[in-house]
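Undergrad: I am sharing final.cif, which consists of mmCIF, C-alpha atoms and all ligand atoms:
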```
data_entry
loop_
_atom_site.label_atom_id
_atom_site.label_comp_id
_atom_site.auth_asym_id
_atom_site.auth_seq_id
_atom_site.Cartn_x
_atom_site.Cartn_y
_atom_site.Cartn_z
CA VAL A 8 -5.04 -16.53 -14.76
CA SER A 9 -7.82 -17.36 -12.26
CA LEU A 10 -7.66 -13.90 -10.68
CA LEU A 11 -8.69 -12.42 -14.04
CA ASP A 12 -11.60 -14.90 -14.23
CA ALA A 13 -12.77 -13.65 -10.82
CA VAL A 14 -12.62 -10.00 -11.93
CA VAL A 15 -14.52 -10.81 -15.13
CA ALA A 16 -17.17 -12.75 -13.16
CA CYS A 17 -17.50 -9.88 -10.71
CA ALA A 18 -18.03 -7.36 -13.53
CA ALA A 19 -20.50 -9.67 -15.30
CA ALA A 20 -22.54 -10.10 -12.10
CA TRP A 21 -23.14 -6.37 -11.92
CA GLU A 22 -26.21 -5.31 -13.90
CA ASP A 23 -24.80 -2.11 -15.23
CA ASP A 24 -22.90 -1.19 -18.37
CA GLY A 25 -20.78 1.53 -16.80
CA PRO A 26 -17.00 1.48 -16.86
CA VAL A 27 -15.11 -1.05 -14.73
CA GLY A 28 -12.28 0.25 -12.55
CA VAL A 29 -9.45 -2.18 -11.80
CA ALA A 30 -6.91 -1.36 -9.09
CA LEU A 31 -3.61 -3.17 -9.57
CA PRO A 32 -0.98 -3.47 -6.80
CA GLY A 33 1.84 -2.61 -9.16
CA VAL A 34 2.75 -0.61 -12.25
CA TYR A 35 0.57 -0.70 -15.35
CA ASP A 36 1.67 0.88 -18.62
CA ARG A 37 -1.55 2.47 -19.87
CA ARG A 38 -0.12 3.39 -23.27
CA ALA A 39 1.17 -0.08 -24.10
CA ASP A 40 -1.70 -1.73 -22.16
CA ARG A 41 0.68 -4.04 -20.31
CA VAL A 42 1.64 -4.93 -16.73
CA LEU A 43 5.13 -3.60 -16.05
CA LEU A 44 5.63 -4.73 -12.44
CA LEU A 45 3.45 -6.65 -9.99
CA PRO A 46 5.80 -7.53 -7.12
CA ASN A 47 3.48 -9.17 -4.55
CA VAL A 48 1.03 -11.14 -6.68
CA PRO A 49 1.91 -14.79 -7.47
CA GLY A 50 2.03 -15.80 -11.12
CA ASP A 51 3.66 -14.49 -14.28
CA TRP A 52 1.97 -11.16 -14.96
CA SER A 53 4.73 -9.41 -16.87
CA GLN A 54 3.51 -7.91 -20.13
CA LEU A 55 -0.05 -9.19 -19.55
CA ALA A 56 -2.68 -6.92 -21.17
CA VAL A 57 -5.02 -6.96 -18.15
CA ARG A 58 -7.16 -4.03 -19.30
CA GLY A 59 -7.60 -5.32 -22.84
CA GLU A 60 -8.36 -8.83 -21.64
CA ILE A 61 -11.05 -7.77 -19.14
CA ALA A 62 -12.53 -5.32 -21.67
CA ALA A 63 -12.73 -8.03 -24.35
CA ARG A 64 -14.33 -10.53 -22.00
CA THR A 65 -16.87 -8.17 -20.43
CA GLY A 66 -17.60 -5.82 -23.34
CA ARG A 67 -17.19 -2.93 -20.89
CA THR A 68 -14.85 0.02 -20.76
CA VAL A 69 -12.06 -0.85 -18.31
CA VAL A 70 -9.96 1.75 -16.51
CA MET A 71 -6.73 0.69 -14.78
CA CYS A 72 -5.26 2.38 -11.74
CA ASN A 73 -2.78 1.60 -8.99
CA ASP A 74 -4.37 0.18 -5.82
CA ALA A 75 -2.80 2.67 -3.41
CA ARG A 76 -3.72 5.63 -5.64
CA ALA A 77 -7.27 4.17 -5.78
CA PHE A 78 -7.23 3.96 -1.97
CA ALA A 79 -6.30 7.65 -1.89
CA GLN A 80 -9.11 8.51 -4.29
CA ALA A 81 -11.59 6.76 -1.98
CA GLU A 82 -10.29 8.48 1.15
CA LEU A 83 -10.54 11.84 -0.62
CA CYS A 84 -14.22 11.16 -1.24
CA ARG A 85 -16.00 11.28 2.14
CA GLY A 86 -13.01 9.58 3.78
CA ALA A 87 -10.14 10.53 6.07
CA ALA A 88 -8.73 13.07 3.59
CA ALA A 89 -11.97 14.76 2.53
CA GLY A 90 -11.34 18.49 2.17
CA VAL A 91 -7.55 18.12 2.60
CA SER A 92 -5.33 19.64 -0.12
CA ASP A 93 -1.95 18.10 0.78
CA ALA A 94 -1.68 14.55 2.05
CA LEU A 95 0.30 11.35 1.94
CA PHE A 96 -1.45 7.99 1.82
CA VAL A 97 0.21 4.81 3.02
CA VAL A 98 -1.42 1.42 2.48
CA LEU A 99 0.03 -1.20 4.81
CA GLY A 100 -0.82 -4.59 3.36
CA THR A 101 1.36 -7.47 2.16
CA GLY A 102 3.59 -4.73 0.78
CA VAL A 103 3.34 -0.98 1.28
CA GLY A 104 1.61 1.22 -1.28
CA GLY A 105 1.51 4.98 -1.32
CA ALA A 106 0.06 8.08 -2.91
CA VAL A 107 0.73 11.81 -2.85
CA LEU A 108 -1.91 14.54 -2.91
CA SER A 109 -0.47 18.01 -3.57
CA GLY A 110 -2.51 21.17 -4.02
CA GLY A 111 -5.69 19.09 -4.19
CA ARG A 112 -4.43 16.84 -7.01
CA LEU A 113 -3.18 13.27 -6.87
CA CYS A 114 0.37 13.25 -8.23
CA LEU A 115 0.62 10.31 -10.62
CA GLY A 116 4.02 11.12 -12.11
CA TRP A 117 5.54 9.93 -15.35
CA GLN A 118 3.93 6.63 -16.38
CA ASP A 119 1.70 6.79 -13.26
CA ARG A 120 4.62 5.64 -11.09
CA ALA A 121 4.62 8.36 -8.42
CA GLY A 122 3.83 7.74 -4.75
CA GLU A 123 5.81 4.57 -4.03
CA ILE A 124 6.50 5.38 -0.40
CA GLY A 125 6.94 1.66 0.35
CA HIS A 126 10.06 1.60 -1.80
CA ILE A 127 11.91 4.45 -0.15
CA CYS A 128 15.24 2.96 0.96
CA VAL A 129 15.68 3.04 4.73
CA ASP A 130 18.79 0.81 4.79
CA PRO A 131 20.93 0.22 1.68
CA SER A 132 22.29 -3.01 3.17
CA GLY A 133 18.84 -4.14 4.33
CA PRO A 134 16.76 -7.12 3.19
CA ALA A 135 16.03 -7.80 -0.50
CA CYS A 136 12.70 -6.31 -1.62
CA GLY A 137 10.22 -7.69 -4.16
CA CYS A 138 10.98 -4.67 -6.38
CA GLY A 139 14.62 -5.78 -6.79
CA ALA A 140 16.16 -3.17 -4.46
CA ARG A 141 17.40 -3.56 -0.87
CA GLY A 142 16.18 -2.14 2.42
CA CYS A 143 12.91 -0.69 1.12
CA LEU A 144 10.44 0.50 3.73
CA GLU A 145 8.06 -2.35 2.90
CA THR A 146 10.66 -4.97 3.84
CA TYR A 147 10.19 -3.76 7.44
CA ILE A 148 6.60 -2.57 7.84
CA GLY A 149 4.69 -4.58 5.19
CA ALA A 150 2.99 -7.78 6.40
CA ALA A 151 5.37 -10.03 4.45
CA GLY A 152 8.35 -8.02 5.71
CA LEU A 153 7.21 -8.19 9.34
CA VAL A 154 6.89 -11.97 9.11
CA ALA A 155 10.31 -12.33 7.45
CA ARG A 156 12.02 -10.03 9.98
CA THR A 157 10.38 -11.92 12.86
CA ARG A 158 11.59 -15.28 11.48
CA GLU A 159 15.13 -13.88 11.29
CA ALA A 160 14.94 -12.46 14.83
CA LEU A 161 13.58 -15.76 16.20
CA ALA A 162 16.44 -17.66 14.54
CA VAL A 163 18.98 -15.27 16.08
CA ALA A 164 17.31 -15.64 19.50
CA GLY A 165 17.31 -19.45 19.10
CA ARG A 166 13.55 -19.58 19.48
CA ALA A 167 10.96 -21.28 17.34
CA GLU A 168 8.04 -18.97 17.89
CA PRO A 169 6.95 -15.82 19.70
CA ALA A 170 4.87 -16.37 22.85
CA GLY A 171 1.49 -17.82 22.02
CA VAL A 172 1.97 -17.89 18.23
CA PRO A 173 2.54 -21.26 16.53
CA THR A 174 5.15 -20.90 13.76
CA THR A 175 2.63 -22.11 11.19
CA GLU A 176 0.39 -19.19 12.12
CA LEU A 177 3.10 -16.55 12.11
CA SER A 178 1.28 -13.62 10.53
CA ALA A 179 1.66 -9.87 10.82
CA PRO A 180 -1.44 -9.44 13.05
CA ALA A 181 -0.22 -12.30 15.31
CA ILE A 182 3.21 -10.63 15.55
CA LEU A 183 1.60 -7.29 16.47
CA ARG A 184 -0.49 -9.02 19.15
CA ALA A 185 2.57 -10.87 20.52
CA ALA A 186 4.49 -7.58 20.63
CA GLU A 187 1.64 -5.86 22.43
CA SER A 188 1.57 -8.60 25.03
CA GLY A 189 5.27 -8.06 25.68
CA ASP A 190 7.00 -10.83 23.72
CA PRO A 191 10.60 -9.52 23.53
CA VAL A 192 11.40 -10.75 20.00
CA ALA A 193 8.11 -9.53 18.53
CA SER A 194 8.44 -6.21 20.39
CA ALA A 195 11.96 -5.66 19.07
CA VAL A 196 10.88 -6.43 15.49
CA VAL A 197 7.84 -4.13 15.67
CA THR A 198 9.84 -1.33 17.34
CA ALA A 199 12.46 -1.57 14.57
CA ALA A 200 9.69 -1.62 11.94
CA ILE A 201 8.08 1.53 13.37
CA ALA A 202 11.50 3.25 13.47
CA ALA A 203 12.11 2.30 9.81
CA PHE A 204 8.61 3.49 8.94
CA ALA A 205 9.22 6.87 10.60
CA ARG A 206 12.53 7.27 8.74
CA GLY A 207 11.07 6.39 5.34
CA LEU A 208 7.89 8.36 5.79
CA GLY A 209 9.97 11.29 7.04
CA ALA A 210 11.75 11.38 3.67
CA ALA A 211 8.40 11.55 1.88
CA VAL A 212 7.09 14.18 4.32
CA GLY A 213 10.19 16.31 3.75
CA VAL A 214 9.62 16.31 0.00
CA THR A 215 5.85 16.77 -0.07
CA ALA A 216 4.99 18.67 3.18
CA PRO A 217 1.61 17.05 3.81
CA GLU A 218 -0.93 18.40 6.26
CA THR A 219 -2.26 14.88 6.81
CA VAL A 220 -0.90 11.34 6.56
CA VAL A 221 -3.61 8.70 6.03
CA LEU A 222 -2.72 5.15 7.08
CA GLY A 223 -4.79 2.30 5.69
CA GLY A 224 -4.59 -1.33 4.69
CA GLY A 225 -5.02 -4.45 6.81
CA LEU A 226 -2.16 -3.64 9.18
CA ALA A 227 -2.95 -0.01 9.98
CA ALA A 228 -5.41 -0.51 12.85
CA GLY A 229 -3.11 -3.07 14.54
CA LEU A 230 -0.29 -0.51 14.57
CA THR A 231 -2.17 2.11 16.61
CA PRO A 232 -0.67 1.07 19.99
CA TRP A 233 2.75 2.05 18.55
CA LEU A 234 1.71 5.35 17.01
CA ASP A 235 1.92 7.55 20.11
CA GLY A 236 4.34 10.31 19.22
CA PHE A 237 4.80 8.81 15.73
CA ALA A 238 4.02 12.04 13.84
CA ALA A 239 6.67 13.94 15.81
CA THR A 240 9.23 11.16 15.13
CA VAL A 241 8.41 11.34 11.42
CA GLN A 242 8.88 15.09 11.46
CA ALA A 243 12.24 14.65 13.19
CA TYR A 244 13.42 13.32 9.78
CA ALA A 245 11.81 16.27 7.98
CA ARG A 246 12.58 19.32 10.12
CA LEU A 247 11.55 21.81 7.46
CA ALA A 248 8.02 20.40 7.27
CA ALA A 249 5.29 20.93 9.86
CA ILE A 250 4.28 17.92 11.98
CA PRO A 251 1.57 16.17 9.94
CA THR A 252 -1.64 14.84 11.43
CA VAL A 253 -1.60 11.03 11.20
CA VAL A 254 -5.06 9.49 10.81
CA LEU A 255 -6.49 6.08 10.00
CA ALA A 256 -8.42 5.50 6.76
CA ARG A 257 -12.20 5.38 6.97
CA HIS A 258 -13.24 3.16 4.08
CA GLY A 259 -11.80 -0.08 5.46
CA ARG A 260 -10.85 -3.07 3.35
CA TYR A 261 -12.88 -1.95 0.32
CA ALA A 262 -11.15 1.43 -0.04
CA GLY A 263 -9.18 0.20 -3.07
CA ALA A 264 -12.31 -1.12 -4.78
CA ILE A 265 -14.31 2.04 -4.00
CA GLY A 266 -11.44 4.14 -5.31
CA ALA A 267 -11.16 2.07 -8.50
CA ALA A 268 -14.88 2.58 -9.15
CA LEU A 269 -14.54 6.34 -8.55
CA TRP A 270 -11.48 6.34 -10.82
CA ALA A 271 -13.41 4.61 -13.63
CA GLU A 272 -16.24 7.13 -13.25
CA ARG A 273 -13.92 10.11 -13.31
CA PRO A 274 -10.14 9.62 -13.58
CA PRO A 275 -8.24 12.22 -11.51
CA VAL A 276 -6.22 13.40 -14.53
ZN ZN B 301 11.23 -2.16 -2.93
#
```
As structure tokens, what does this structure read like?

TA:
Amino acid sequence: VSLLDAVVACAAAWEDDGPVGVALPGVYDRRADRVLLLPNVPGDWSQLAVRGEIAARTGRTVVMCNDARAFAQAELCRGAAAGVSDALFVVLGTGVGGAVLSGGRLCLGWQDRAGEIGHICVDPSGPACGCGARGCLETYIGAAGLVARTREALAVAGRAEPAGVPTTELSAPAILRAAESGDPVASAVVTAAIAAFARGLGAAVGVTAPETVVLGGGLAAGLTPWLDGFAATVQAYARLAAIPTVVLARHGRYAGAIGAALWAERPPV
């Protein structure tokens, strides 16, 4: 797998013999040392011993973690959640990752599977998700989901492309820009995505009662024009929780990598 070669080369280029932290956008079984689920990465990863393979090829200790939980670890350290004891973290990328901080501790759950906010069901008859379920939050607000929903809406509207966006360049940032400039199809898709996001996040807020919600990933900054009143809408689905403060992440695109390094240095559990 060429991605593994890149990780090995990256570790080898670093003149240091400390542990290597690897953040995986999926589920890794640490006991069996195998990938269990990697929904948004091309290739056959099932059962691959990523940790063992990188460790054997680099001669270094390798520590695996989930990418969204690594993101949270980074934002806890001099980031948007520094000093916060109860928070939710949402990483809006190709898919949607998540993490839960409760009482100052990251909740990893049984087999490190806790925090999957992106796979909260917001519509049982909704679109098929990469995880195998239907109507997951990430099928609306993830980058891949936004593109897919826009293609569907364009087909229904009998249009080939949103204003100013060639179909070949239909990407989530382009859709957000088209929506902001008033394209009706793009606006409707983004409005529906934000509504689905509020509903799904509201479920997580109701269960965990966070003080702060940290939004990160490539899509987060582009969503800010739609986030006026968002926290109150989220809380409308979680009336027993206080309205959380919604903030953007501070560590940018390397938050996952920074968090993986912090994780390798000192795992949170
Ligand atoms: Zn899903």

Undergrad: Around ligand ZN 301 (chain B), out to 6 Å and counting all atoms listed in the file, which residues are there? I want them as a list in words.

TA: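 Written in the requested form, the residues are His126, Cys136, Gly137, Cys138, Ala140 and Cys143 of chain A.
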
Undergrad: Go ahead and write the selection's residues with C-alpha atoms as a PDB file, in the coordinates of the input.

TA:
```pdb
ATOM      1  CA  HIS A 126      10.060   1.600  -1.800  1.00  0.00           C
ATOM      2  CA  CYS A 136      12.700  -6.310  -1.620  1.00  0.00           C
ATOM      3  CA  GLY A 137      10.220  -7.690  -4.160  1.00  0.00           C
ATOM      4  CA  CYS A 138      10.980  -4.670  -6.380  1.00  0.00           C
ATOM      5  CA  ALA A 140      16.160  -3.170  -4.460  1.00  0.00           C
ATOM      6  CA  CYS A 143      12.910  -0.690   1.120  1.00  0.00           C
TER       7      CYS A 143
END
```

Undergrad: Using all atoms listed in the file, find the one residue out of A:Phe78, A:Ala243, A:Asp190, A:Gly224 that sits nearest to Arg206 of chain A.

TA: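 Closest to Arg206 of chain A of all the choices is A:Ala243.
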
Undergrad: Would you please work out which residue, of A:Pro169, A:Ser132, A:Thr174, A:Ala160, is nearest to Gly189 of chain A when using all atoms listed in the file?

TA: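 Checking each candidate against Gly189 of chain A, we get A:Pro169 as the closest.
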
Undergrad: Go through A:Asp93, A:Asp119, A:Asp235, A:Glu218 one by one, measure the shortest atom-to-atom distance of each to Val34 of chain A using all atoms listed in the file, and give the residue with the smallest value.

TA: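 Checking each candidate against Val34 of chain A, we get A:Asp119 as the closest.
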
Undergrad: Between atom CA of Trp117 of chain A and atom CA of Arg38 of chain A, what is the spacing in Å?

TA: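 Computing it gives 11.7 Å between the two atoms.
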
Undergrad: For Cys72 of chain A, which residue among A:Ala239, A:Ala13, A:Val42, A:Ala249 is the nearest when counting only C-alpha atoms?

TA: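 Comparing A:Ala239, A:Ala13, A:Val42, A:Ala249 against Cys72 of chain A, the winner is A:Val42.
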
Undergrad: In Å to one decimal, how far is atom CA of Ala267 of chain A from atom CA of Glu60 of chain A?

TA: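 Interatomic distance, atom CA of Glu60 of chain A to atom CA of Ala267 of chain A: 17.3 Å.
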
Undergrad: From the set A:Ala151, A:Leu247, A:Leu222, A:Ala164, which residue has the shortest atom-to-atom contact distance to Phe96 of chain A, counting all atoms listed in the file?

TA: A:Leu222

Undergrad: Pull segment 104-127 of chain A out of the block and emit N, CA and C atoms, as a CSV table (one decimal), in the first residue's frame.

TA:
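Dumped to decode.csv:
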```csv
chain,number,residue,atom,x,y,z
A,104,GLY,N,-15.6,13.0,11.5
A,104,GLY,CA,-15.1,12.3,12.7
A,104,GLY,C,-15.6,13.0,13.9
A,105,GLY,N,-15.4,12.4,15.0
A,105,GLY,CA,-15.9,13.0,16.3
A,105,GLY,C,-15.1,12.5,17.5
A,106,ALA,N,-15.2,13.3,18.6
A,106,ALA,CA,-14.6,12.8,19.8
A,106,ALA,C,-15.4,13.5,21.0
A,107,VAL,N,-15.3,12.8,22.1
A,107,VAL,CA,-16.1,13.3,23.3
A,107,VAL,C,-15.1,13.5,24.5
A,108,LEU,N,-15.1,14.7,25.1
A,108,LEU,CA,-14.3,14.9,26.3
A,108,LEU,C,-15.3,15.1,27.4
A,109,SER,N,-15.1,14.3,28.4
A,109,SER,CA,-16.1,14.4,29.6
A,109,SER,C,-15.3,14.4,30.9
A,110,GLY,N,-15.5,15.4,31.7
A,110,GLY,CA,-14.8,15.4,33.0
A,110,GLY,C,-13.3,15.5,32.8
A,111,GLY,N,-12.8,16.1,31.7
A,111,GLY,CA,-11.4,16.3,31.4
A,111,GLY,C,-10.7,15.1,30.8
A,112,ARG,N,-11.5,14.0,30.5
A,112,ARG,CA,-10.9,12.8,29.8
A,112,ARG,C,-11.6,12.6,28.5
A,113,LEU,N,-10.7,12.2,27.5
A,113,LEU,CA,-11.3,11.7,26.2
A,113,LEU,C,-12.0,10.4,26.4
A,114,CYS,N,-13.2,10.3,26.0
A,114,CYS,CA,-13.9,9.0,26.1
A,114,CYS,C,-13.6,8.1,24.9
A,115,LEU,N,-12.9,7.1,25.1
A,115,LEU,CA,-12.6,6.2,23.9
A,115,LEU,C,-13.5,5.1,23.7
A,116,GLY,N,-14.2,4.7,24.8
A,116,GLY,CA,-15.2,3.6,24.7
A,116,GLY,C,-14.6,2.2,24.5
A,117,TRP,N,-15.4,1.2,24.5
A,117,TRP,CA,-15.0,-0.1,24.2
A,117,TRP,C,-14.4,-0.3,22.8
A,118,GLN,N,-13.2,-0.8,22.8
A,118,GLN,CA,-12.4,-1.0,21.5
A,118,GLN,C,-12.1,0.4,20.9
A,119,ASP,N,-12.1,1.4,21.6
A,119,ASP,CA,-11.7,2.8,21.1
A,119,ASP,C,-12.7,3.3,20.1
A,120,ARG,N,-14.0,2.9,20.2
A,120,ARG,CA,-14.9,3.2,19.1
A,120,ARG,C,-15.8,4.4,19.4
A,121,ALA,N,-15.7,5.0,20.6
A,121,ALA,CA,-16.6,6.1,21.0
A,121,ALA,C,-16.3,7.4,20.3
A,122,GLY,N,-17.3,8.2,20.1
A,122,GLY,CA,-17.2,9.5,19.5
A,122,GLY,C,-17.6,9.7,18.1
A,123,GLU,N,-18.2,8.6,17.5
A,123,GLU,CA,-18.5,8.7,16.1
A,123,GLU,C,-19.8,9.5,15.8
A,124,ILE,N,-19.7,10.8,16.0
A,124,ILE,CA,-20.8,11.7,15.8
A,124,ILE,C,-21.2,11.7,14.4
A,125,GLY,N,-20.3,11.5,13.4
A,125,GLY,CA,-20.6,11.5,12.0
A,125,GLY,C,-21.6,10.4,11.6
A,126,HIS,N,-21.7,9.4,12.5
A,126,HIS,CA,-22.6,8.3,12.2
A,126,HIS,C,-23.8,8.2,13.0
A,127,ILE,N,-24.2,9.3,13.6
A,127,ILE,CA,-25.5,9.4,14.2
A,127,ILE,C,-26.5,9.5,13.1
```
